[in-house]
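Below is one structure, written out as structure tokens; comments come after it.
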Number of protein chains: 2
Amino acid sequence: MTDEPSNKPFPTPLKIRGRAHARPRHPPAGDGRDADFCQTCAFADVCLAVGYGMTELNALHCLVEHVGPFRSGEYVFRDGDPFRSIFAVRAGTVKTSSVDHTGREQVLGFHLPGEVIGLNAIYPDRFPCNAITLEKTQCCRFSFPKISALATQMPAVQRHLFRMLSKEIGTAGSLAGDHSADARVAAFLADLSERYAARGLPGSRFHLSMSRADIANYLRLASETVSRVLTRFRSIGLIDIVERELVLRDPPRLRDIGQDLLRG
Amino acid sequence: MTDEPSNKPFPTPLKIRGRAHARPRHPPAGDGRDADFCQTCAFADVCLAVGYGMTELNALHCLVEHVGPFRSGEYVFRDGDPFRSIFAVRAGTVKTSSVDHTGREQVLGFHLPGEVIGLNAIYPDRFPCNAITLEKTQCCRFSFPKISALATQMPAVQRHLFRMLSKEIGTAGSLAGDHSADARVAAFLADLSERYAARGLPGSRFHLSMSRADIANYLRLASETVSRVLTRFRSIGLIDIVERELVLRDPPRLRDIGQDLLRG
DNA sequence: GCAGCCACTTGATCCACGTCAACGGCCGCG
DNA sequence: CGCGGCCGTTGACGTGGATCAAGTGGCTGC
């Protein structure tokens with residue numbers, strides 16, 4: 001989620017420039033723990049980018065609502081629900097999935113802390129998928145009408161929404177290619193790793209909160225195939241895995257194996 | 001249904017051999033033919049929605065630039081180009097594709113008159129793919145900074161951009177499933193049909209401006225497989241096809257075969 | 001007219017992965 | 001304690017579609 005270097009107006013845009021307004025970044029809203037969550041949040045860039053204007057910051061913090069905690073297996077929203085809000089994962093993991101006409105589940109994605117879900121509901125004006133928690137999970141809810149209205153007043157918010165939407169177009173298509181099972185699994189692990197790392201969490205050692213069946217469904221493989229690939233990856237020293245605890249032993253090689261899926 | 005040759009934006013394209021363009025490449029918007037094009041344009045909803053305010057309408061018409069005509073095989077933009085504008089196809093067909101690390105082309109989509117391309121470039125701030133014309137083609141170019149600025153003043157424009165972006169998230173993922181070759185080809189034909197029909201063009205009889213190889217690449221099949229499926233579809237009366245002229249003889253059945261890919 | 005090329009079709013073979021099946025570990029429950 | 005359900009692993013086998021190969025027809029250039 002960090003900005004790529006191509007469009008920097010200034011060398012280090014994420015640092016808070018011009019320290020004229022040396023004020024607390026987070027207004028009175030909320031307890032101390034909010035700050036920690038927001039550091040890893042998908043909207044952190046916006047909050048930092050507009051740090052010079054307290055009114056905008058307050059506006060964002062005023063319209064966010066905390067929902068949860070959900071226990072594992074609960075719905076954040078359901079396929080067909082009318083679209084009113086987008087959500088950011090605060091803590092935990094959320095799986096999005098739809099059900100095809102034969103009743104089989106189709107896993108669309110896994111969403112980690114700091115990531116936003118529900119953007120694909122804007123067009124149909126209904127959620128086109130279920131969002132199901134895979135462990136104890138908390139979310140932030142943003143009323144879409146409100147954040148849209150805010151976006152008309154705060155170009156940084158509008159720009160951020162455009163960018164998140166655009167990014168998701170790219171990621172949604174990445175699984176479409178015809179790639180080997182090895183490439184799919186490797187790319188999956190490397191992608192998870194990078195996304196954890198991007199939020200400041202350890203990227204080479206983490207817990208898989210989803211089942212093998214969910215992984216397989218997401219990657220459009222049979223769960224047996226995922227199992228076989230994982231054991232082979234372990235046997236050649238690419239990873240260590242016991243149960244759902246994963247250690248990446250050779251991330252560059254992993255990324256290499258999955259590289260055609262990882263372009264973004 | 002009978003065909004309506006007069007509705008075709010162009011007759012079947014002949015190879016136009018090297019001829020310099022005598023007229024300016026970027027004619028100013030505003031001639032009488034605009035009205036026809038704009039009826040089928042992706043922005044028509046916006047223009048109609050805000051039709052009560054001439055100022056907004058003028059704003060949109062002021063910022064649009066016409067580019068082309070391109071001959072078959074020309075680039076509207078290239079992978080890696082800095083992102084400054086989005087494009088709408090006015091007439092013709094555009095193929096978007098990227099090239100993977102082994103040098104093989106990956107077709108991402110085909111874009112018909114009235115459809116918008118380039119939205120996936122907002123996030124990386126560079127075009128993540130090539131856009132190549134498949135026949136004589138004209139486009140509209142919208143400066144993204146300008147249309148963004150306009151969106152802050154015209155909620156209808158902002159809303160429309162959000163919706164187009166959101167819609168593309170859904171379509172980008174539709175090929176990701178593991179579907180049979182039959183389902184893929186059927187869905188491809190049914191989708192093309194619906195998109196032509198949505199713009200007022202005949203949906204059950206049209207010209208395939210892309211090669212079998214392009215179709216196969218897009219559907220992640222071998223071109224031989226596409227060929228076989230098409231001949232089988234013809235043999236069972238689903239379609240008629242000679243060269244690239246296609247007639248859908250049983251659209252409902254076609255949609256049924258491809259239905260898991262067509263959700264959206 | 002002929003050679004070369006490209007798009008498309010059709011047939012023959014191969015293989016990566018799906019499917020089916022069996023098994024073991026873990027957990028909650030009666 | 002024994003039982004059943006779920007999750008994950010591993011083996012045996014079948015198949016859909018890729019790959020390889022050959023042939024046709026149309027178009028281009030010489």
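Each chain in the structure tokens gets a letter, A, B, ..., in the order shown, and its residues are numbered from 1; ligands are numbered from 1 in order too.
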Hey, which bits of chain A sit within 7 Å of chain B, and for each residue what's the closest pair of atoms and how far apart in Å (one decimal), counting only C-alpha atoms, rows by chain and increasing number, as CSV?
```
residue,atom,partner,partner_atom,distance
A:Asn7,CA,B:Asp125,CA,6.9
A:Asp100,CA,B:Asp260,CA,6.3
A:His101,CA,B:Asp260,CA,6.8
A:Leu119,CA,B:Ser166,CA,6.1
A:Asn120,CA,B:Ser166,CA,4.8
A:Ala121,CA,B:Ser166,CA,6.9
A:Ile122,CA,B:Ser166,CA,5.7
A:Tyr123,CA,B:Arg163,CA,4.5
A:Thr152,CA,B:Thr152,CA,4.2
A:Gln153,CA,B:Thr152,CA,6.7
A:Arg163,CA,B:Tyr123,CA,4.5
A:Met164,CA,B:Tyr123,CA,6.9
A:Leu165,CA,B:Leu165,CA,6.0
A:Ser166,CA,B:Asn120,CA,4.9
A:Lys167,CA,B:Tyr123,CA,5.2
A:Glu168,CA,B:Ile169,CA,6.2
A:Ile169,CA,B:Ile169,CA,4.5
A:Gly170,CA,B:Asn120,CA,6.3
A:Ala172,CA,B:Gly173,CA,4.9
A:Gly173,CA,B:Ala172,CA,4.8
A:Leu175,CA,B:Ala176,CA,5.4
A:Ala176,CA,B:Ala176,CA,4.0
A:Gly177,CA,B:Arg220,CA,6.3
A:Asp178,CA,B:Arg220,CA,5.8
A:Arg220,CA,B:Asp178,CA,5.9
A:Asp260,CA,B:Asp100,CA,6.3
```
Practice prompt. Define the interface residues of chain C facing chain B as those within 12 Å, counting only C-alpha atoms (C1' of nucleotides), and report them as an MDAnalysis selection string.
Written response: chainID C and resid 6:11 17:18
Restrict the selected residues to C-alpha atoms (C1' of nucleotides) and save them as an mmCIF file, in the first residue's frame.
```
data_model
loop_
_atom_site.group_PDB
_atom_site.id
_atom_site.type_symbol
_atom_site.label_atom_id
_atom_site.label_comp_id
_atom_site.auth_asym_id
_atom_site.auth_seq_id
_atom_site.Cartn_x
_atom_site.Cartn_y
_atom_site.Cartn_z
ATOM 1 C "C1'" DC C 6 -0.668 -16.128 -41.623
ATOM 2 C "C1'" DA C 7 -5.152 -17.588 -39.757
ATOM 3 C "C1'" DC C 8 -7.713 -21.328 -38.969
ATOM 4 C "C1'" DT C 9 -8.981 -26.218 -38.667
ATOM 5 C "C1'" DT C 10 -8.478 -31.024 -37.504
ATOM 6 C "C1'" DG C 11 -6.192 -35.171 -35.722
ATOM 7 C "C1'" DC C 17 -4.252 -31.652 -12.089
ATOM 8 C "C1'" DG C 18 -8.927 -33.308 -10.534
#
```
Item to complete: Within 9 Å of DG17 (chain D), counting only C-alpha atoms (C1' of nucleotides), which residues show up once you throw out same-chain ones fewer than 2 positions away? Write them as a list in words, please.
Response: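 So, after excluding close chain neighbours, the residues are Ala181, Leu221, Ala222 and Thr225 of chain B; DT15 of chain D.
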Discussion item. Within 12 Å of chain B, which residues belong to chain D? Use only C-alpha atoms (C1' of nucleotides) and report them as a ChimeraX atom specification.
Written reply: /D:16-20,25-28
Need to verify the contact set: Phe77 (chain B), 9 Å, only C-alpha atoms (C1' of nucleotides), exclusion of same-chain residues closer than 2 positions in sequence. Can you return it as an mmCIF file with C-alpha atoms, in the first residue's frame?
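In the end it all went to selection05.cif:
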```cif
data_model
loop_
_atom_site.group_PDB
_atom_site.id
_atom_site.type_symbol
_atom_site.label_atom_id
_atom_site.label_comp_id
_atom_site.auth_asym_id
_atom_site.auth_seq_id
_atom_site.Cartn_x
_atom_site.Cartn_y
_atom_site.Cartn_z
ATOM 1 C CA GLU B 74 -1.803 0.870 -33.430
ATOM 2 C CA TYR B 75 -1.239 1.676 -29.773
ATOM 3 C CA ASP B 79 2.551 -0.571 -20.879
ATOM 4 C CA GLY B 80 4.599 1.693 -18.644
ATOM 5 C CA ASP B 81 3.418 4.975 -20.108
ATOM 6 C CA GLY B 118 -7.234 3.002 -18.439
ATOM 7 C CA PHE B 127 -0.494 2.111 -17.659
ATOM 8 C CA CYS B 129 -0.925 -2.799 -20.096
ATOM 9 C CA ASN B 130 -0.862 -1.998 -23.780
ATOM 10 C CA ALA B 131 -3.984 -0.840 -25.580
ATOM 11 C CA ILE B 132 -3.910 -1.928 -29.203
#
```
Worksheet item: Just asking: which residues within region 31-209 of chain B are alpha helix (DSSP H) according to DSSP, as number ranges by chain?
Response: B: 34-39, 44-49, 54-63, 144-153, 155-173, 181-198
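For the pair CA of Leu63 (chain B) and CA of Ser143 (chain B), the separation is 7.0 Å.
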